[in-house]
file work-v4.txt (compact mmCIF, N, CA and C atoms)
# COMPACT_ATOMS: atom_id res chain seq x y z
N LYS Y 21 4.88 12.44 -12.58
CA LYS Y 21 5.35 11.10 -12.85
C LYS Y 21 5.99 11.10 -14.23
N PHE Y 22 7.22 10.66 -14.31
CA PHE Y 22 7.97 10.65 -15.56
C PHE Y 22 8.00 9.23 -16.09
N GLU Y 23 7.33 8.99 -17.21
CA GLU Y 23 7.28 7.68 -17.83
C GLU Y 23 7.86 7.78 -19.24
N PRO Y 24 9.10 7.26 -19.43
CA PRO Y 24 9.72 7.30 -20.75
C PRO Y 24 8.86 6.58 -21.79
N GLN Y 25 9.00 6.98 -23.04
CA GLN Y 25 8.20 6.44 -24.13
C GLN Y 25 9.00 5.56 -25.08
N GLY Y 26 10.16 5.13 -24.67
CA GLY Y 26 10.97 4.28 -25.52
C GLY Y 26 12.04 3.57 -24.71
N LEU Y 27 12.71 2.61 -25.31
CA LEU Y 27 13.78 1.89 -24.62
C LEU Y 27 15.05 2.70 -24.59
N GLY Y 28 15.86 2.45 -23.57
CA GLY Y 28 17.16 3.11 -23.45
C GLY Y 28 17.11 4.31 -22.53
N GLU Y 29 18.10 5.18 -22.68
CA GLU Y 29 18.20 6.37 -21.83
C GLU Y 29 17.31 7.48 -22.39
N ILE Y 30 16.54 8.09 -21.52
CA ILE Y 30 15.63 9.16 -21.91
C ILE Y 30 15.91 10.38 -21.04
N LYS Y 31 16.04 11.54 -21.67
CA LYS Y 31 16.24 12.79 -20.94
C LYS Y 31 15.14 13.77 -21.30
N ASP Y 32 14.75 14.58 -20.34
CA ASP Y 32 13.74 15.61 -20.57
C ASP Y 32 13.97 16.72 -19.55
N VAL Y 33 13.24 17.81 -19.68
CA VAL Y 33 13.37 18.94 -18.77
C VAL Y 33 12.01 19.24 -18.17
N LEU Y 34 11.98 19.40 -16.84
CA LEU Y 34 10.77 19.79 -16.13
C LEU Y 34 10.91 21.25 -15.75
N THR Y 35 9.92 22.05 -16.13
CA THR Y 35 9.91 23.48 -15.77
C THR Y 35 8.71 23.75 -14.88
N VAL Y 36 8.99 24.37 -13.74
CA VAL Y 36 7.93 24.72 -12.79
C VAL Y 36 7.91 26.24 -12.69
N LEU Y 37 6.72 26.82 -12.93
CA LEU Y 37 6.56 28.28 -12.86
C LEU Y 37 5.68 28.64 -11.68
N SER Y 38 6.07 29.71 -10.98
CA SER Y 38 5.27 30.21 -9.87
C SER Y 38 5.29 31.73 -9.92
N PRO Y 39 4.12 32.38 -9.76
CA PRO Y 39 4.12 33.84 -9.76
C PRO Y 39 4.89 34.42 -8.58
N ASP Y 40 5.02 33.65 -7.50
CA ASP Y 40 5.73 34.13 -6.32
C ASP Y 40 7.20 33.73 -6.29
N GLY Y 41 7.50 32.55 -6.82
CA GLY Y 41 8.85 32.02 -6.68
C GLY Y 41 9.68 32.03 -7.94
N GLY Y 42 9.08 32.39 -9.08
CA GLY Y 42 9.84 32.42 -10.32
C GLY Y 42 9.78 31.11 -11.07
N GLU Y 43 10.85 30.85 -11.84
CA GLU Y 43 10.90 29.67 -12.69
C GLU Y 43 12.02 28.76 -12.24
N TYR Y 44 11.71 27.47 -12.17
CA TYR Y 44 12.69 26.46 -11.82
C TYR Y 44 12.69 25.40 -12.91
N THR Y 45 13.89 24.99 -13.30
CA THR Y 45 14.00 23.91 -14.27
C THR Y 45 14.92 22.83 -13.70
N CYS Y 46 14.58 21.60 -14.02
CA CYS Y 46 15.47 20.50 -13.63
C CYS Y 46 15.44 19.46 -14.74
N THR Y 47 16.55 18.79 -14.86
CA THR Y 47 16.69 17.75 -15.88
C THR Y 47 16.17 16.43 -15.30
N LEU Y 48 15.34 15.76 -16.09
CA LEU Y 48 14.86 14.43 -15.71
C LEU Y 48 15.62 13.41 -16.55
N TYR Y 49 16.02 12.34 -15.92
CA TYR Y 49 16.77 11.30 -16.59
C TYR Y 49 16.17 9.96 -16.21
N GLY Y 50 15.89 9.15 -17.19
CA GLY Y 50 15.33 7.83 -16.92
C GLY Y 50 15.94 6.79 -17.84
N VAL Y 51 15.93 5.57 -17.37
CA VAL Y 51 16.38 4.44 -18.17
C VAL Y 51 15.21 3.49 -18.28
N CYS Y 52 14.81 3.20 -19.50
CA CYS Y 52 13.68 2.33 -19.73
C CYS Y 52 14.19 0.97 -20.22
N ASP Y 53 13.96 -0.04 -19.40
CA ASP Y 53 14.37 -1.41 -19.74
C ASP Y 53 13.27 -2.10 -20.54
N PRO Y 54 13.62 -3.17 -21.25
CA PRO Y 54 12.58 -3.96 -21.93
C PRO Y 54 11.60 -4.54 -20.90
N PRO Y 55 10.40 -4.89 -21.33
CA PRO Y 55 9.43 -5.46 -20.40
C PRO Y 55 9.97 -6.73 -19.75
N ARG Y 56 9.73 -6.86 -18.45
CA ARG Y 56 10.18 -8.05 -17.73
C ARG Y 56 9.04 -9.06 -17.66
N PRO Y 57 9.35 -10.34 -17.78
CA PRO Y 57 8.31 -11.36 -17.64
C PRO Y 57 7.67 -11.29 -16.26
N SER Y 58 6.39 -11.65 -16.19
CA SER Y 58 5.70 -11.68 -14.90
C SER Y 58 4.91 -12.98 -14.77
N GLY Y 59 4.57 -13.29 -13.54
CA GLY Y 59 3.83 -14.50 -13.24
C GLY Y 59 4.68 -15.49 -12.48
N PRO Y 60 4.27 -16.72 -12.39
CA PRO Y 60 3.15 -17.31 -13.11
C PRO Y 60 1.81 -16.92 -12.50
N PHE Y 61 0.82 -16.75 -13.36
CA PHE Y 61 -0.55 -16.48 -12.96
C PHE Y 61 -1.27 -17.83 -12.96
N ALA Y 62 -1.82 -18.20 -11.80
CA ALA Y 62 -2.44 -19.52 -11.65
C ALA Y 62 -3.92 -19.47 -11.98
N ILE Y 63 -4.36 -20.40 -12.82
CA ILE Y 63 -5.77 -20.55 -13.16
C ILE Y 63 -6.30 -21.72 -12.34
N ASN Y 64 -7.06 -21.41 -11.30
CA ASN Y 64 -7.61 -22.44 -10.43
C ASN Y 64 -8.94 -22.98 -10.94
N ASP Y 65 -9.71 -22.14 -11.62
CA ASP Y 65 -11.00 -22.54 -12.21
C ASP Y 65 -10.89 -22.33 -13.71
N PRO Y 66 -10.54 -23.38 -14.49
CA PRO Y 66 -10.30 -23.23 -15.92
C PRO Y 66 -11.46 -22.59 -16.69
N GLY Y 67 -12.71 -22.92 -16.31
CA GLY Y 67 -13.86 -22.36 -17.02
C GLY Y 67 -14.02 -20.87 -16.80
N LYS Y 68 -13.70 -20.41 -15.60
CA LYS Y 68 -13.80 -18.99 -15.27
C LYS Y 68 -12.55 -18.23 -15.71
N GLY Y 69 -11.41 -18.89 -15.58
CA GLY Y 69 -10.14 -18.26 -15.96
C GLY Y 69 -9.69 -17.23 -14.96
N ILE Y 70 -8.75 -16.41 -15.40
CA ILE Y 70 -8.24 -15.30 -14.59
C ILE Y 70 -8.17 -14.06 -15.46
N ASN Y 71 -8.14 -12.91 -14.81
CA ASN Y 71 -7.96 -11.65 -15.53
C ASN Y 71 -6.54 -11.15 -15.29
N ILE Y 72 -5.87 -10.80 -16.38
CA ILE Y 72 -4.53 -10.23 -16.31
C ILE Y 72 -4.63 -8.81 -16.88
N ASP Y 73 -4.18 -7.83 -16.10
CA ASP Y 73 -4.22 -6.44 -16.56
C ASP Y 73 -2.99 -6.12 -17.39
N PHE Y 74 -3.22 -5.39 -18.49
CA PHE Y 74 -2.14 -4.97 -19.37
C PHE Y 74 -2.29 -3.47 -19.61
N LYS Y 75 -1.19 -2.72 -19.45
CA LYS Y 75 -1.22 -1.27 -19.63
C LYS Y 75 -0.43 -0.86 -20.86
N ASN Y 76 -1.04 0.01 -21.67
CA ASN Y 76 -0.33 0.65 -22.78
C ASN Y 76 0.52 1.76 -22.17
N VAL Y 77 1.83 1.60 -22.20
CA VAL Y 77 2.74 2.56 -21.57
C VAL Y 77 2.98 3.80 -22.43
N PHE Y 78 2.46 3.81 -23.65
CA PHE Y 78 2.66 4.94 -24.54
C PHE Y 78 1.59 6.01 -24.33
N GLU Y 79 1.90 7.24 -24.73
CA GLU Y 79 0.93 8.33 -24.63
C GLU Y 79 -0.19 8.20 -25.65
N GLN Y 80 0.12 7.61 -26.80
CA GLN Y 80 -0.86 7.48 -27.89
C GLN Y 80 -1.49 6.09 -27.85
N ALA Y 81 -2.68 6.00 -28.44
CA ALA Y 81 -3.33 4.70 -28.61
C ALA Y 81 -2.46 3.84 -29.52
N LYS Y 82 -2.34 2.57 -29.20
CA LYS Y 82 -1.55 1.62 -30.00
C LYS Y 82 -2.32 0.32 -30.13
N GLU Y 83 -2.03 -0.40 -31.21
CA GLU Y 83 -2.59 -1.73 -31.40
C GLU Y 83 -1.64 -2.75 -30.82
N PHE Y 84 -2.20 -3.68 -30.04
CA PHE Y 84 -1.42 -4.75 -29.44
C PHE Y 84 -2.00 -6.09 -29.87
N LYS Y 85 -1.11 -7.06 -30.08
CA LYS Y 85 -1.54 -8.42 -30.38
C LYS Y 85 -1.26 -9.26 -29.15
N PHE Y 86 -2.28 -9.95 -28.68
CA PHE Y 86 -2.18 -10.83 -27.53
C PHE Y 86 -2.34 -12.26 -28.04
N ILE Y 87 -1.38 -13.11 -27.71
CA ILE Y 87 -1.41 -14.49 -28.21
C ILE Y 87 -0.95 -15.44 -27.10
N VAL Y 88 -1.59 -16.60 -27.02
CA VAL Y 88 -1.14 -17.64 -26.10
C VAL Y 88 -0.34 -18.66 -26.90
N ASP Y 89 0.66 -19.25 -26.26
CA ASP Y 89 1.56 -20.14 -26.99
C ASP Y 89 1.16 -21.61 -26.91
N SER Y 90 -0.02 -21.89 -26.36
CA SER Y 90 -0.46 -23.28 -26.21
C SER Y 90 -1.94 -23.38 -26.53
N ASP Y 91 -2.32 -24.47 -27.15
CA ASP Y 91 -3.74 -24.71 -27.45
C ASP Y 91 -4.56 -24.95 -26.17
N ASP Y 92 -3.88 -25.16 -25.04
CA ASP Y 92 -4.58 -25.36 -23.78
C ASP Y 92 -5.13 -24.07 -23.19
N PHE Y 93 -4.76 -22.92 -23.76
CA PHE Y 93 -5.18 -21.63 -23.21
C PHE Y 93 -5.86 -20.78 -24.28
N SER Y 94 -6.67 -19.83 -23.82
CA SER Y 94 -7.26 -18.84 -24.72
C SER Y 94 -7.22 -17.48 -24.04
N VAL Y 95 -7.17 -16.44 -24.85
CA VAL Y 95 -7.22 -15.07 -24.34
C VAL Y 95 -8.46 -14.41 -24.93
N ASN Y 96 -9.33 -13.96 -24.06
CA ASN Y 96 -10.61 -13.36 -24.46
C ASN Y 96 -11.36 -14.25 -25.46
N GLY Y 97 -11.27 -15.57 -25.25
CA GLY Y 97 -12.04 -16.51 -26.05
C GLY Y 97 -11.38 -17.05 -27.31
N SER Y 98 -10.14 -16.64 -27.61
CA SER Y 98 -9.47 -17.16 -28.81
C SER Y 98 -7.97 -17.32 -28.53
N LYS Y 99 -7.28 -17.93 -29.49
CA LYS Y 99 -5.84 -18.14 -29.32
C LYS Y 99 -5.07 -16.82 -29.44
N SER Y 100 -5.59 -15.90 -30.24
CA SER Y 100 -4.94 -14.59 -30.36
C SER Y 100 -6.00 -13.52 -30.59
N GLN Y 101 -5.61 -12.30 -30.27
CA GLN Y 101 -6.52 -11.18 -30.43
C GLN Y 101 -5.71 -9.91 -30.63
N VAL Y 102 -6.18 -9.06 -31.53
CA VAL Y 102 -5.57 -7.74 -31.72
C VAL Y 102 -6.54 -6.72 -31.14
N MET Y 103 -6.00 -5.80 -30.33
CA MET Y 103 -6.85 -4.84 -29.64
C MET Y 103 -6.16 -3.48 -29.61
N LYS Y 104 -6.92 -2.43 -29.88
CA LYS Y 104 -6.40 -1.07 -29.75
C LYS Y 104 -6.58 -0.64 -28.29
N VAL Y 105 -5.48 -0.19 -27.68
CA VAL Y 105 -5.51 0.23 -26.29
C VAL Y 105 -5.14 1.71 -26.23
N GLU Y 106 -5.99 2.50 -25.60
CA GLU Y 106 -5.76 3.93 -25.48
C GLU Y 106 -4.48 4.21 -24.69
N GLY Y 107 -3.83 5.32 -25.00
CA GLY Y 107 -2.58 5.70 -24.35
C GLY Y 107 -2.72 5.81 -22.85
N GLY Y 108 -1.82 5.17 -22.10
CA GLY Y 108 -1.81 5.23 -20.66
C GLY Y 108 -2.92 4.44 -19.98
N LYS Y 109 -3.74 3.74 -20.74
CA LYS Y 109 -4.87 3.00 -20.17
C LYS Y 109 -4.54 1.52 -20.05
N SER Y 110 -5.29 0.84 -19.18
CA SER Y 110 -5.15 -0.59 -18.98
C SER Y 110 -6.36 -1.33 -19.51
N VAL Y 111 -6.14 -2.55 -19.93
CA VAL Y 111 -7.23 -3.45 -20.32
C VAL Y 111 -7.07 -4.73 -19.51
N SER Y 112 -8.19 -5.40 -19.29
CA SER Y 112 -8.20 -6.67 -18.58
C SER Y 112 -8.36 -7.79 -19.60
N LEU Y 113 -7.44 -8.73 -19.58
CA LEU Y 113 -7.45 -9.86 -20.50
C LEU Y 113 -7.89 -11.10 -19.74
N ASN Y 114 -8.91 -11.78 -20.23
CA ASN Y 114 -9.39 -12.99 -19.58
C ASN Y 114 -8.71 -14.20 -20.21
N VAL Y 115 -7.96 -14.92 -19.40
CA VAL Y 115 -7.23 -16.10 -19.86
C VAL Y 115 -7.89 -17.32 -19.25
N LYS Y 116 -8.32 -18.24 -20.12
CA LYS Y 116 -8.96 -19.48 -19.69
C LYS Y 116 -8.15 -20.67 -20.16
N SER Y 117 -8.46 -21.83 -19.56
CA SER Y 117 -7.77 -23.06 -19.92
C SER Y 117 -8.78 -24.15 -20.24
N THR Y 118 -8.41 -24.98 -21.22
CA THR Y 118 -9.21 -26.17 -21.54
C THR Y 118 -8.47 -27.43 -21.11
N ALA Y 119 -7.35 -27.28 -20.45
CA ALA Y 119 -6.52 -28.42 -20.04
C ALA Y 119 -7.22 -29.23 -18.95
N THR Y 120 -7.05 -30.52 -19.00
CA THR Y 120 -7.60 -31.40 -17.96
C THR Y 120 -6.50 -31.85 -17.00
N ARG Y 121 -5.32 -31.30 -17.18
CA ARG Y 121 -4.18 -31.63 -16.34
C ARG Y 121 -3.44 -30.34 -16.01
N SER Y 122 -2.49 -30.41 -15.10
CA SER Y 122 -1.66 -29.25 -14.77
C SER Y 122 -0.77 -28.94 -15.97
N THR Y 123 -0.79 -27.69 -16.40
CA THR Y 123 0.01 -27.31 -17.57
C THR Y 123 0.46 -25.86 -17.46
N THR Y 124 1.45 -25.49 -18.25
CA THR Y 124 1.96 -24.12 -18.24
C THR Y 124 1.97 -23.56 -19.66
N GLY Y 125 2.04 -22.25 -19.74
CA GLY Y 125 2.10 -21.58 -21.03
C GLY Y 125 2.48 -20.12 -20.86
N LYS Y 126 2.40 -19.38 -21.96
CA LYS Y 126 2.73 -17.96 -21.94
C LYS Y 126 1.66 -17.18 -22.70
N LEU Y 127 1.37 -16.01 -22.19
CA LEU Y 127 0.58 -15.01 -22.90
C LEU Y 127 1.58 -13.95 -23.33
N LEU Y 128 1.67 -13.69 -24.63
CA LEU Y 128 2.60 -12.69 -25.16
C LEU Y 128 1.82 -11.50 -25.69
N ALA Y 129 2.29 -10.31 -25.37
CA ALA Y 129 1.69 -9.07 -25.86
C ALA Y 129 2.73 -8.32 -26.68
N THR Y 130 2.44 -8.11 -27.96
CA THR Y 130 3.36 -7.36 -28.82
C THR Y 130 2.65 -6.13 -29.34
N CYS Y 131 3.41 -5.07 -29.52
CA CYS Y 131 2.86 -3.82 -30.05
C CYS Y 131 2.96 -3.87 -31.58
N VAL Y 132 1.80 -3.91 -32.23
CA VAL Y 132 1.76 -3.97 -33.69
C VAL Y 132 2.43 -2.74 -34.30
N ASP Y 133 2.24 -1.58 -33.66
CA ASP Y 133 2.78 -0.32 -34.17
C ASP Y 133 4.28 -0.15 -33.91
N GLU Y 134 4.85 -0.97 -33.03
CA GLU Y 134 6.28 -0.89 -32.68
C GLU Y 134 6.89 -2.29 -32.82
N PRO Y 135 7.12 -2.76 -34.06
CA PRO Y 135 7.56 -4.15 -34.26
C PRO Y 135 8.93 -4.48 -33.67
N ASN Y 136 9.78 -3.51 -33.42
CA ASN Y 136 11.10 -3.78 -32.87
C ASN Y 136 11.10 -3.85 -31.34
N LEU Y 137 9.97 -3.55 -30.73
CA LEU Y 137 9.86 -3.59 -29.27
C LEU Y 137 9.66 -5.03 -28.82
N PRO Y 138 10.40 -5.49 -27.79
CA PRO Y 138 10.22 -6.86 -27.31
C PRO Y 138 8.81 -7.07 -26.75
N ALA Y 139 8.39 -8.32 -26.72
CA ALA Y 139 7.05 -8.66 -26.21
C ALA Y 139 7.01 -8.64 -24.69
N TRP Y 140 5.83 -8.33 -24.16
CA TRP Y 140 5.54 -8.50 -22.75
C TRP Y 140 5.18 -9.97 -22.59
N THR Y 141 5.74 -10.65 -21.57
CA THR Y 141 5.50 -12.07 -21.35
C THR Y 141 4.84 -12.27 -19.99
N PHE Y 142 3.72 -13.00 -20.01
CA PHE Y 142 2.99 -13.36 -18.80
C PHE Y 142 2.95 -14.88 -18.73
N TYR Y 143 3.60 -15.47 -17.71
CA TYR Y 143 3.57 -16.91 -17.54
C TYR Y 143 2.25 -17.30 -16.90
N ILE Y 144 1.63 -18.36 -17.42
CA ILE Y 144 0.34 -18.82 -16.92
C ILE Y 144 0.42 -20.32 -16.65
N LYS Y 145 -0.41 -20.78 -15.71
CA LYS Y 145 -0.42 -22.21 -15.41
C LYS Y 145 -1.79 -22.61 -14.87
N THR Y 146 -2.12 -23.86 -15.04
CA THR Y 146 -3.32 -24.42 -14.42
C THR Y 146 -2.87 -25.28 -13.25
N THR Y 147 -3.71 -25.35 -12.24
CA THR Y 147 -3.33 -26.13 -11.06
C THR Y 147 -4.22 -27.36 -10.91
call {"tool": "encode", "arguments": {"input": "work-v4.txt", "output": "structure tokens"}}
result
Amino acid sequence: KFEPQGLGEIKDVLTVLSPDGGEYTCTLYGVCDPPRPSGPFAINDPGKGINIDFKNVFEQAKEFKFIVDSDDFSVNGSKSQVMKVEGGKSVSLNVKSTATRSTTGKLLATCVDEPNLPAWTFYIKTT
């Protein structure tokens, strides 16, 4: 599985060795787009909330800041949280609502270690 580690065009070489068949090389080419928004994720039980999975797409551990854009929502119990996520691993973020009416918002995930990288956007709503 070829997962580029940056935005834009990425090239690499795959080499496969076999004692019976020799050596084969092929060029891998990928285009990595900025993160696309996802959702909306519906919160049907505001007290329980919902879990949204977030994956660190980098090979190395990175610090990410998770923030909600509305006081009606919280992520892991607060308006914002900074968390170190191991390379290639996923974390589950619990998003709850205190709204007494139907409302919408966004959960934004930014990489503290890569400030020029656009944020991951998760649309959230209460029903």
call {"tool": "residues_around", "arguments": {"input": "work-v4.txt", "residues": "Lys126 (chain Y)", "least_positions_apart": "3", "cutoff": "6 Å", "atoms": "only N, CA and C atoms", "output": "VMD selection string"}}
result
chain Y and resid 87 to 90 142 to 144
call {"tool": "closest_residue", "arguments": {"input": "work-v4.txt", "among": "Y:Asn96, Y:Thr146, Y:Thr141, Y:Asn64", "to": "Leu113 (chain Y)", "atoms": "all atoms listed in the file"}}
result
Y:Asn96
call {"tool": "atom_distance", "arguments": {"input": "work-v4.txt", "atom1": "atom N of Leu128 (chain Y)", "atom2": "atom C of Glu106 (chain Y)"}}
result
18.9 Å
call {"tool": "atom_distance", "arguments": {"input": "work-v4.txt", "atom1": "CA of Thr45 (chain Y)", "atom2": "atom N of Ile30 (chain Y)"}}
result
17.6 Å
call {"tool": "closest_atom_pairs", "arguments": {"input": "work-v4.txt", "of": "region 21-103 of chain Y", "to": "region 117-123 of chain Y", "cutoff": "12 Å", "atoms": "only C-alpha atoms", "output": "tab-separated table"}}
result
residue	atom	partner	partner_atom	distance
Y:Pro60	CA	Y:Thr123	CA	11.4
Y:Phe61	CA	Y:Thr123	CA	11.8
Y:Ala62	CA	Y:Thr123	CA	10.1
Y:Ile63	CA	Y:Ser117	CA	7.5
Y:Asn64	CA	Y:Ser117	CA	9.5
Y:Asp65	CA	Y:Ser117	CA	8.4
Y:Pro66	CA	Y:Ser117	CA	4.7
Y:Gly67	CA	Y:Ser117	CA	6.8
Y:Lys68	CA	Y:Ser117	CA	8.6
Y:Gly69	CA	Y:Ser117	CA	6.7
Y:Ile70	CA	Y:Ser117	CA	9.4
Y:Val88	CA	Y:Ser117	CA	10.6
Y:Asp89	CA	Y:Thr123	CA	11.9
Y:Ser90	CA	Y:Thr123	CA	9.5
Y:Asp91	CA	Y:Thr118	CA	8.2
Y:Asp92	CA	Y:Thr118	CA	5.2
Y:Phe93	CA	Y:Ser117	CA	4.4
Y:Ser94	CA	Y:Ser117	CA	6.4
Y:Val95	CA	Y:Ser117	CA	9.1
Y:Asn96	CA	Y:Ser117	CA	11.1
Y:Gly97	CA	Y:Ser117	CA	9.9
Y:Ser98	CA	Y:Ser117	CA	10.8
Y:Lys99	CA	Y:Ser117	CA	10.8
call {"tool": "write_last_selection", "arguments": {"input": "work-v4.txt", "atoms": "N, CA and C atoms", "output": "PDB file, in the coordinates of the input"}}
result
ATOM      1  N   PRO Y  60       4.270 -16.720 -12.390  1.00  0.00           N
ATOM      2  CA  PRO Y  60       3.150 -17.310 -13.110  1.00  0.00           C
ATOM      3  C   PRO Y  60       1.810 -16.920 -12.500  1.00  0.00           C
ATOM      4  N   PHE Y  61       0.820 -16.750 -13.360  1.00  0.00           N
ATOM      5  CA  PHE Y  61      -0.550 -16.480 -12.960  1.00  0.00           C
ATOM      6  C   PHE Y  61      -1.270 -17.830 -12.960  1.00  0.00           C
ATOM      7  N   ALA Y  62      -1.820 -18.200 -11.800  1.00  0.00           N
ATOM      8  CA  ALA Y  62      -2.440 -19.520 -11.650  1.00  0.00           C
ATOM      9  C   ALA Y  62      -3.920 -19.470 -11.980  1.00  0.00           C
ATOM     10  N   ILE Y  63      -4.360 -20.400 -12.820  1.00  0.00           N
ATOM     11  CA  ILE Y  63      -5.770 -20.550 -13.160  1.00  0.00           C
ATOM     12  C   ILE Y  63      -6.300 -21.720 -12.340  1.00  0.00           C
ATOM     13  N   ASN Y  64      -7.060 -21.410 -11.300  1.00  0.00           N
ATOM     14  CA  ASN Y  64      -7.610 -22.440 -10.430  1.00  0.00           C
ATOM     15  C   ASN Y  64      -8.940 -22.980 -10.940  1.00  0.00           C
ATOM     16  N   ASP Y  65      -9.710 -22.140 -11.620  1.00  0.00           N
ATOM     17  CA  ASP Y  65     -11.000 -22.540 -12.210  1.00  0.00           C
ATOM     18  C   ASP Y  65     -10.890 -22.330 -13.710  1.00  0.00           C
ATOM     19  N   PRO Y  66     -10.540 -23.380 -14.490  1.00  0.00           N
ATOM     20  CA  PRO Y  66     -10.300 -23.230 -15.920  1.00  0.00           C
ATOM     21  C   PRO Y  66     -11.460 -22.590 -16.690  1.00  0.00           C
ATOM     22  N   GLY Y  67     -12.710 -22.920 -16.310  1.00  0.00           N
ATOM     23  CA  GLY Y  67     -13.860 -22.360 -17.020  1.00  0.00           C
ATOM     24  C   GLY Y  67     -14.020 -20.870 -16.800  1.00  0.00           C
ATOM     25  N   LYS Y  68     -13.700 -20.410 -15.600  1.00  0.00           N
ATOM     26  CA  LYS Y  68     -13.800 -18.990 -15.270  1.00  0.00           C
ATOM     27  C   LYS Y  68     -12.550 -18.230 -15.710  1.00  0.00           C
ATOM     28  N   GLY Y  69     -11.410 -18.890 -15.580  1.00  0.00           N
ATOM     29  CA  GLY Y  69     -10.140 -18.260 -15.960  1.00  0.00           C
ATOM     30  C   GLY Y  69      -9.690 -17.230 -14.960  1.00  0.00           C
ATOM     31  N   ILE Y  70      -8.750 -16.410 -15.400  1.00  0.00           N
ATOM     32  CA  ILE Y  70      -8.240 -15.300 -14.590  1.00  0.00           C
ATOM     33  C   ILE Y  70      -8.170 -14.060 -15.460  1.00  0.00           C
ATOM     34  N   VAL Y  88      -1.590 -16.600 -27.020  1.00  0.00           N
ATOM     35  CA  VAL Y  88      -1.140 -17.640 -26.100  1.00  0.00           C
ATOM     36  C   VAL Y  88      -0.340 -18.660 -26.900  1.00  0.00           C
ATOM     37  N   ASP Y  89       0.660 -19.250 -26.260  1.00  0.00           N
ATOM     38  CA  ASP Y  89       1.560 -20.140 -26.990  1.00  0.00           C
ATOM     39  C   ASP Y  89       1.160 -21.610 -26.910  1.00  0.00           C
ATOM     40  N   SER Y  90      -0.020 -21.890 -26.360  1.00  0.00           N
ATOM     41  CA  SER Y  90      -0.460 -23.280 -26.210  1.00  0.00           C
ATOM     42  C   SER Y  90      -1.940 -23.380 -26.530  1.00  0.00           C
ATOM     43  N   ASP Y  91      -2.320 -24.470 -27.150  1.00  0.00           N
ATOM     44  CA  ASP Y  91      -3.740 -24.710 -27.450  1.00  0.00           C
ATOM     45  C   ASP Y  91      -4.560 -24.950 -26.170  1.00  0.00           C
ATOM     46  N   ASP Y  92      -3.880 -25.160 -25.040  1.00  0.00           N
ATOM     47  CA  ASP Y  92      -4.580 -25.360 -23.780  1.00  0.00           C
ATOM     48  C   ASP Y  92      -5.130 -24.070 -23.190  1.00  0.00           C
ATOM     49  N   PHE Y  93      -4.760 -22.920 -23.760  1.00  0.00           N
ATOM     50  CA  PHE Y  93      -5.180 -21.630 -23.210  1.00  0.00           C
ATOM     51  C   PHE Y  93      -5.860 -20.780 -24.280  1.00  0.00           C
ATOM     52  N   SER Y  94      -6.670 -19.830 -23.820  1.00  0.00           N
ATOM     53  CA  SER Y  94      -7.260 -18.840 -24.720  1.00  0.00           C
ATOM     54  C   SER Y  94      -7.220 -17.480 -24.040  1.00  0.00           C
ATOM     55  N   VAL Y  95      -7.170 -16.440 -24.850  1.00  0.00           N
ATOM     56  CA  VAL Y  95      -7.220 -15.070 -24.340  1.00  0.00           C
ATOM     57  C   VAL Y  95      -8.460 -14.410 -24.930  1.00  0.00           C
ATOM     58  N   ASN Y  96      -9.330 -13.960 -24.060  1.00  0.00           N
ATOM     59  CA  ASN Y  96     -10.610 -13.360 -24.460  1.00  0.00           C
ATOM     60  C   ASN Y  96     -11.360 -14.250 -25.460  1.00  0.00           C
ATOM     61  N   GLY Y  97     -11.270 -15.570 -25.250  1.00  0.00           N
ATOM     62  CA  GLY Y  97     -12.040 -16.510 -26.050  1.00  0.00           C
ATOM     63  C   GLY Y  97     -11.380 -17.050 -27.310  1.00  0.00           C
ATOM     64  N   SER Y  98     -10.140 -16.640 -27.610  1.00  0.00           N
ATOM     65  CA  SER Y  98      -9.470 -17.160 -28.810  1.00  0.00           C
ATOM     66  C   SER Y  98      -7.970 -17.320 -28.530  1.00  0.00           C
ATOM     67  N   LYS Y  99      -7.280 -17.930 -29.490  1.00  0.00           N
ATOM     68  CA  LYS Y  99      -5.840 -18.140 -29.320  1.00  0.00           C
ATOM     69  C   LYS Y  99      -5.070 -16.820 -29.440  1.00  0.00           C
TER      70      LYS Y  99
END
call {"tool": "residues_around", "arguments": {"input": "work-v4.txt", "residues": "region 78-86 of chain Y", "least_positions_apart": "5", "cutoff": "6 Å", "atoms": "all atoms listed in the file", "output": "PyMOL selection string"}}
result
chain Y and resi 25+99-108+128-133
call {"tool": "closest_residue", "arguments": {"input": "work-v4.txt", "among": "Y:Val77, Y:Cys52, Y:Val33, Y:Ala139", "to": "Ser110 (chain Y)", "atoms": "only N, CA and C atoms"}}
result
Y:Val77
call {"tool": "build_atoms", "arguments": {"input": "work-v4.txt", "residues": "region 112-116 of chain Y", "atoms": "N, CA, C and O atoms", "output": "short mmCIF file (atom, residue, chain, number, x, y, z; two decimals), in the frame of the given file"}}
result
data_model
loop_
_atom_site.label_atom_id
_atom_site.label_comp_id
_atom_site.auth_asym_id
_atom_site.auth_seq_id
_atom_site.Cartn_x
_atom_site.Cartn_y
_atom_site.Cartn_z
N SER Y 112 -8.19 -5.40 -19.29
CA SER Y 112 -8.20 -6.67 -18.58
C SER Y 112 -8.36 -7.79 -19.60
O SER Y 112 -9.30 -7.79 -20.39
N LEU Y 113 -7.44 -8.73 -19.58
CA LEU Y 113 -7.45 -9.86 -20.50
C LEU Y 113 -7.89 -11.10 -19.74
O LEU Y 113 -7.30 -11.44 -18.71
N ASN Y 114 -8.91 -11.78 -20.23
CA ASN Y 114 -9.39 -12.99 -19.58
C ASN Y 114 -8.71 -14.20 -20.21
O ASN Y 114 -8.84 -14.43 -21.41
N VAL Y 115 -7.96 -14.92 -19.40
CA VAL Y 115 -7.23 -16.10 -19.86
C VAL Y 115 -7.89 -17.32 -19.25
O VAL Y 115 -8.03 -17.43 -18.04
N LYS Y 116 -8.32 -18.24 -20.12
CA LYS Y 116 -8.96 -19.48 -19.69
C LYS Y 116 -8.15 -20.67 -20.16
O LYS Y 116 -7.31 -20.54 -21.05
#
